[in-house]
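Undergrad: The structure is given below, and queries will be raised subsequently.
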Amino acid sequence: MEIAYWILAGSLAVFYLYAGGKKVAQSKERLQPMMGWVDTVPMPLVRTIGTLEVLGAAGLVLPVLTGIAPWLAI
């Protein structure tokens, strides 16, 4: 079961990190072709969503890796 968790959590963490990192780092013009909704949403909100996705990626793997509150992840 632990192997299944790491496969699933690792995959989700990579996707969250990629999507969140793009929202945090790229400009509105570079995001618009991939995400048409960025034109209708204020850019600080897009950055906040990206930051939350990056934190979500960390939350999937860090509790188990550090041993601090591993019950949060498993």
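The chains in the structure tokens are called A, B, ... from first to last as shown; in each chain the residues are counted from 1, and the ligands are counted from 1 in the order shown.
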Identify, on the basis of only C-alpha atoms, every residue whose closest approach to Leu65 in chain A does not exceed 12 Å; exclude the query and any residue fewer than 5 positions from it along the same chain; express the result as a list of chain:residue names.
TA: A:Trp6, A:Ala9, A:Gly10, A:Ala58, A:Gly59, A:Leu60, A:Pro70, A:Trp71, A:Leu72, A:Ala73, A:Ile74
Undergrad: Just to be explicit: take each residue in the selection above, keep all heavy atoms, and write the result as a PDB file, in the first residue's frame.
TA:
ATOM      1  N   TRP A   6       3.057   6.229  -2.800  1.00  0.00           N
ATOM      2  CA  TRP A   6       4.143   7.029  -3.354  1.00  0.00           C
ATOM      3  C   TRP A   6       3.983   7.241  -4.852  1.00  0.00           C
ATOM      4  O   TRP A   6       4.322   8.301  -5.365  1.00  0.00           O
ATOM      5  CB  TRP A   6       5.498   6.412  -3.034  1.00  0.00           C
ATOM      6  CG  TRP A   6       5.917   6.758  -1.656  1.00  0.00           C
ATOM      7  CD1 TRP A   6       6.041   5.918  -0.600  1.00  0.00           C
ATOM      8  CD2 TRP A   6       6.232   8.062  -1.170  1.00  0.00           C
ATOM      9  NE1 TRP A   6       6.420   6.620   0.511  1.00  0.00           N
ATOM     10  CE2 TRP A   6       6.550   7.936   0.196  1.00  0.00           C
ATOM     11  CE3 TRP A   6       6.281   9.324  -1.736  1.00  0.00           C
ATOM     12  CZ2 TRP A   6       6.910   9.017   0.983  1.00  0.00           C
ATOM     13  CZ3 TRP A   6       6.639  10.403  -0.955  1.00  0.00           C
ATOM     14  CH2 TRP A   6       6.946  10.244   0.395  1.00  0.00           C
ATOM     15  N   ALA A   9       0.946   9.809  -4.958  1.00  0.00           N
ATOM     16  CA  ALA A   9       1.319  11.107  -4.387  1.00  0.00           C
ATOM     17  C   ALA A   9       2.439  11.763  -5.189  1.00  0.00           C
ATOM     18  O   ALA A   9       2.420  12.979  -5.397  1.00  0.00           O
ATOM     19  CB  ALA A   9       1.741  10.934  -2.932  1.00  0.00           C
ATOM     20  N   GLY A  10       3.397  10.984  -5.636  1.00  0.00           N
ATOM     21  CA  GLY A  10       4.483  11.542  -6.432  1.00  0.00           C
ATOM     22  C   GLY A  10       3.988  12.102  -7.752  1.00  0.00           C
ATOM     23  O   GLY A  10       4.396  13.192  -8.171  1.00  0.00           O
ATOM     24  N   ALA A  58       3.893  20.121  -1.954  1.00  0.00           N
ATOM     25  CA  ALA A  58       4.752  19.874  -0.788  1.00  0.00           C
ATOM     26  C   ALA A  58       3.996  19.107   0.286  1.00  0.00           C
ATOM     27  O   ALA A  58       4.552  18.212   0.938  1.00  0.00           O
ATOM     28  CB  ALA A  58       5.270  21.197  -0.235  1.00  0.00           C
ATOM     29  N   GLY A  59       2.737  19.409   0.461  1.00  0.00           N
ATOM     30  CA  GLY A  59       1.926  18.736   1.469  1.00  0.00           C
ATOM     31  C   GLY A  59       1.674  17.268   1.180  1.00  0.00           C
ATOM     32  O   GLY A  59       1.373  16.498   2.084  1.00  0.00           O
ATOM     33  N   LEU A  60       1.799  16.876  -0.063  1.00  0.00           N
ATOM     34  CA  LEU A  60       1.614  15.464  -0.401  1.00  0.00           C
ATOM     35  C   LEU A  60       2.815  14.612  -0.020  1.00  0.00           C
ATOM     36  O   LEU A  60       2.661  13.436   0.297  1.00  0.00           O
ATOM     37  CB  LEU A  60       1.348  15.315  -1.905  1.00  0.00           C
ATOM     38  CG  LEU A  60      -0.045  15.670  -2.372  1.00  0.00           C
ATOM     39  CD1 LEU A  60      -0.081  15.730  -3.899  1.00  0.00           C
ATOM     40  CD2 LEU A  60      -1.050  14.671  -1.869  1.00  0.00           C
ATOM     41  N   PRO A  70       2.866  12.319   9.873  1.00  0.00           N
ATOM     42  CA  PRO A  70       2.660  11.525   8.659  1.00  0.00           C
ATOM     43  C   PRO A  70       1.198  11.095   8.459  1.00  0.00           C
ATOM     44  O   PRO A  70       0.830  10.753   7.343  1.00  0.00           O
ATOM     45  CB  PRO A  70       3.575  10.323   8.853  1.00  0.00           C
ATOM     46  CG  PRO A  70       3.793  10.229  10.308  1.00  0.00           C
ATOM     47  CD  PRO A  70       3.702  11.634  10.835  1.00  0.00           C
ATOM     48  N   TRP A  71       0.411  11.166   9.493  1.00  0.00           N
ATOM     49  CA  TRP A  71      -1.006  10.810   9.358  1.00  0.00           C
ATOM     50  C   TRP A  71      -1.752  11.785   8.451  1.00  0.00           C
ATOM     51  O   TRP A  71      -2.849  11.478   7.981  1.00  0.00           O
ATOM     52  CB  TRP A  71      -1.671  10.742  10.728  1.00  0.00           C
ATOM     53  CG  TRP A  71      -1.487  11.971  11.541  1.00  0.00           C
ATOM     54  CD1 TRP A  71      -0.463  12.239  12.402  1.00  0.00           C
ATOM     55  CD2 TRP A  71      -2.318  13.124  11.546  1.00  0.00           C
ATOM     56  NE1 TRP A  71      -0.613  13.487  12.957  1.00  0.00           N
ATOM     57  CE2 TRP A  71      -1.746  14.056  12.448  1.00  0.00           C
ATOM     58  CE3 TRP A  71      -3.483  13.468  10.894  1.00  0.00           C
ATOM     59  CZ2 TRP A  71      -2.296  15.296  12.695  1.00  0.00           C
ATOM     60  CZ3 TRP A  71      -4.035  14.710  11.148  1.00  0.00           C
ATOM     61  CH2 TRP A  71      -3.447  15.608  12.034  1.00  0.00           C
ATOM     62  N   LEU A  72      -1.170  12.936   8.178  1.00  0.00           N
ATOM     63  CA  LEU A  72      -1.794  13.887   7.265  1.00  0.00           C
ATOM     64  C   LEU A  72      -1.806  13.373   5.825  1.00  0.00           C
ATOM     65  O   LEU A  72      -2.699  13.705   5.054  1.00  0.00           O
ATOM     66  CB  LEU A  72      -1.051  15.218   7.289  1.00  0.00           C
ATOM     67  CG  LEU A  72      -1.209  16.067   8.537  1.00  0.00           C
ATOM     68  CD1 LEU A  72      -0.284  17.257   8.490  1.00  0.00           C
ATOM     69  CD2 LEU A  72      -2.648  16.519   8.690  1.00  0.00           C
ATOM     70  N   ALA A  73      -0.846  12.557   5.483  1.00  0.00           N
ATOM     71  CA  ALA A  73      -0.688  12.134   4.092  1.00  0.00           C
ATOM     72  C   ALA A  73      -1.176  10.720   3.843  1.00  0.00           C
ATOM     73  O   ALA A  73      -1.573  10.390   2.732  1.00  0.00           O
ATOM     74  CB  ALA A  73       0.767  12.262   3.678  1.00  0.00           C
ATOM     75  N   ILE A  74      -1.118   9.880   4.815  1.00  0.00           N
ATOM     76  CA  ILE A  74      -1.490   8.475   4.568  1.00  0.00           C
ATOM     77  C   ILE A  74      -2.825   8.169   5.161  1.00  0.00           C
ATOM     78  O   ILE A  74      -3.223   8.560   6.163  1.00  0.00           O
ATOM     79  CB  ILE A  74      -0.407   7.525   5.109  1.00  0.00           C
ATOM     80  CG1 ILE A  74       0.880   7.762   4.351  1.00  0.00           C
ATOM     81  CG2 ILE A  74      -0.841   6.100   5.009  1.00  0.00           C
ATOM     82  CD1 ILE A  74       2.036   6.923   4.787  1.00  0.00           C
TER      83      ILE A  74
END
Undergrad: Neighbours of Val46 in chain A within 10 Å (only C-alpha atoms; same-chain residues fewer than 2 positions away dropped), as a ChimeraX atom specification?
TA: /A:20,23-24,28,31,37-38,41-44,48-52
Undergrad: For Glu53 in chain A, which residue out of A:Ala4, A:Ser11, A:Gly21, A:Gln32 is the nearest one, using only C-alpha atoms?
TA: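 That would be A:Gly21, the residue with the smallest distance to Glu53 in chain A.
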Undergrad: Among chain A, which residues does DSSP mark as alpha helix (DSSP H) when it is run on the backbone? Keep the chain and numbering as in the structure and answer as a VMD selection string.
TA: chain A and resid 2 to 25 28 to 31 43 to 66
Undergrad: Those same residues - N, CA and C atoms - I'd like them written as a compact mmCIF listing (two decimals), in the first residue's frame.
TA:
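Listed below is the output, out17.txt:
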# COMPACT_ATOMS: atom_id res chain seq x y z
N GLU A 2 2.02 1.18 0.64
CA GLU A 2 2.90 2.34 0.68
C GLU A 2 3.45 2.66 -0.70
N ILE A 3 3.73 1.65 -1.49
CA ILE A 3 4.23 1.87 -2.85
C ILE A 3 3.15 2.55 -3.69
N ALA A 4 1.92 2.11 -3.54
CA ALA A 4 0.81 2.72 -4.27
C ALA A 4 0.66 4.19 -3.87
N TYR A 5 0.82 4.47 -2.58
CA TYR A 5 0.73 5.86 -2.13
C TYR A 5 1.80 6.71 -2.78
N TRP A 6 3.06 6.23 -2.80
CA TRP A 6 4.14 7.03 -3.35
C TRP A 6 3.98 7.24 -4.85
N ILE A 7 3.47 6.25 -5.55
CA ILE A 7 3.24 6.41 -6.99
C ILE A 7 2.18 7.49 -7.21
N LEU A 8 1.08 7.39 -6.50
CA LEU A 8 -0.01 8.35 -6.67
C LEU A 8 0.39 9.74 -6.16
N ALA A 9 0.95 9.81 -4.96
CA ALA A 9 1.32 11.11 -4.39
C ALA A 9 2.44 11.76 -5.19
N GLY A 10 3.40 10.98 -5.64
CA GLY A 10 4.48 11.54 -6.43
C GLY A 10 3.99 12.10 -7.75
N SER A 11 3.11 11.36 -8.41
CA SER A 11 2.54 11.84 -9.68
C SER A 11 1.75 13.13 -9.48
N LEU A 12 0.88 13.14 -8.48
CA LEU A 12 0.10 14.34 -8.22
C LEU A 12 0.98 15.52 -7.83
N ALA A 13 2.01 15.26 -7.04
CA ALA A 13 2.91 16.34 -6.62
C ALA A 13 3.63 16.95 -7.82
N VAL A 14 4.06 16.11 -8.74
CA VAL A 14 4.74 16.63 -9.94
C VAL A 14 3.79 17.49 -10.76
N PHE A 15 2.55 17.04 -10.94
CA PHE A 15 1.59 17.82 -11.72
C PHE A 15 1.23 19.13 -11.02
N TYR A 16 1.00 19.08 -9.71
CA TYR A 16 0.72 20.30 -8.96
C TYR A 16 1.90 21.28 -9.02
N LEU A 17 3.09 20.76 -8.86
CA LEU A 17 4.28 21.61 -8.89
C LEU A 17 4.46 22.26 -10.25
N TYR A 18 4.23 21.51 -11.31
CA TYR A 18 4.36 22.05 -12.66
C TYR A 18 3.30 23.15 -12.92
N ALA A 19 2.05 22.83 -12.63
CA ALA A 19 0.97 23.79 -12.90
C ALA A 19 1.10 25.02 -12.01
N GLY A 20 1.40 24.81 -10.74
CA GLY A 20 1.54 25.94 -9.83
C GLY A 20 2.75 26.79 -10.15
N GLY A 21 3.85 26.15 -10.51
CA GLY A 21 5.06 26.88 -10.86
C GLY A 21 4.86 27.76 -12.08
N LYS A 22 4.12 27.26 -13.06
CA LYS A 22 3.83 28.07 -14.25
C LYS A 22 2.99 29.29 -13.87
N LYS A 23 1.99 29.10 -13.02
CA LYS A 23 1.14 30.22 -12.63
C LYS A 23 1.89 31.25 -11.82
N VAL A 24 2.84 30.81 -11.02
CA VAL A 24 3.60 31.73 -10.18
C VAL A 24 4.64 32.49 -11.00
N ALA A 25 5.30 31.81 -11.94
CA ALA A 25 6.47 32.38 -12.59
C ALA A 25 6.19 33.09 -13.92
N LYS A 28 1.08 36.98 -17.68
CA LYS A 28 -0.29 36.75 -18.15
C LYS A 28 -0.32 36.40 -19.63
N GLU A 29 0.54 37.05 -20.41
CA GLU A 29 0.57 36.80 -21.85
C GLU A 29 1.02 35.37 -22.17
N ARG A 30 1.93 34.84 -21.39
CA ARG A 30 2.42 33.47 -21.63
C ARG A 30 1.43 32.43 -21.12
N LEU A 31 0.64 32.77 -20.11
CA LEU A 31 -0.35 31.84 -19.58
C LEU A 31 -1.63 31.79 -20.41
N MET A 43 -4.60 39.03 -11.78
CA MET A 43 -3.33 38.32 -11.73
C MET A 43 -2.90 37.94 -10.31
N PRO A 44 -3.15 38.77 -9.29
CA PRO A 44 -2.80 38.32 -7.94
C PRO A 44 -3.53 37.03 -7.52
N LEU A 45 -4.75 36.85 -8.00
CA LEU A 45 -5.48 35.62 -7.70
C LEU A 45 -4.86 34.43 -8.42
N VAL A 46 -4.42 34.63 -9.65
CA VAL A 46 -3.74 33.56 -10.39
C VAL A 46 -2.45 33.16 -9.65
N ARG A 47 -1.70 34.14 -9.18
CA ARG A 47 -0.47 33.87 -8.42
C ARG A 47 -0.79 33.13 -7.11
N THR A 48 -1.88 33.51 -6.46
CA THR A 48 -2.28 32.85 -5.22
C THR A 48 -2.65 31.40 -5.48
N ILE A 49 -3.38 31.14 -6.55
CA ILE A 49 -3.74 29.77 -6.91
C ILE A 49 -2.48 28.96 -7.19
N GLY A 50 -1.54 29.54 -7.91
CA GLY A 50 -0.28 28.85 -8.18
C GLY A 50 0.50 28.54 -6.92
N THR A 51 0.53 29.47 -5.99
CA THR A 51 1.23 29.25 -4.72
C THR A 51 0.57 28.14 -3.93
N LEU A 52 -0.75 28.11 -3.91
CA LEU A 52 -1.46 27.06 -3.20
C LEU A 52 -1.22 25.69 -3.85
N GLU A 53 -1.10 25.65 -5.17
CA GLU A 53 -0.79 24.38 -5.83
C GLU A 53 0.61 23.89 -5.47
N VAL A 54 1.58 24.80 -5.41
CA VAL A 54 2.94 24.43 -5.01
C VAL A 54 2.94 23.92 -3.57
N LEU A 55 2.23 24.60 -2.69
CA LEU A 55 2.13 24.14 -1.30
C LEU A 55 1.41 22.80 -1.19
N GLY A 56 0.43 22.58 -2.05
CA GLY A 56 -0.26 21.28 -2.07
C GLY A 56 0.68 20.17 -2.48
N ALA A 57 1.56 20.44 -3.44
CA ALA A 57 2.55 19.44 -3.85
C ALA A 57 3.47 19.10 -2.69
N ALA A 58 3.89 20.12 -1.95
CA ALA A 58 4.75 19.87 -0.79
C ALA A 58 4.00 19.11 0.29
N GLY A 59 2.74 19.41 0.46
CA GLY A 59 1.93 18.74 1.47
C GLY A 59 1.67 17.27 1.18
N LEU A 60 1.80 16.88 -0.06
CA LEU A 60 1.61 15.46 -0.40
C LEU A 60 2.81 14.61 -0.02
N VAL A 61 4.00 15.18 -0.06
CA VAL A 61 5.20 14.35 0.15
C VAL A 61 5.95 14.68 1.44
N LEU A 62 5.95 15.92 1.89
CA LEU A 62 6.76 16.29 3.05
C LEU A 62 6.37 15.63 4.37
N PRO A 63 5.08 15.48 4.69
CA PRO A 63 4.77 14.84 5.97
C PRO A 63 5.37 13.43 6.11
N VAL A 64 5.32 12.67 5.06
CA VAL A 64 5.86 11.31 5.12
C VAL A 64 7.38 11.34 5.11
N LEU A 65 7.98 12.20 4.30
CA LEU A 65 9.44 12.25 4.21
C LEU A 65 10.09 12.75 5.49
N THR A 66 9.47 13.73 6.14
CA THR A 66 10.07 14.29 7.34
C THR A 66 9.68 13.55 8.61
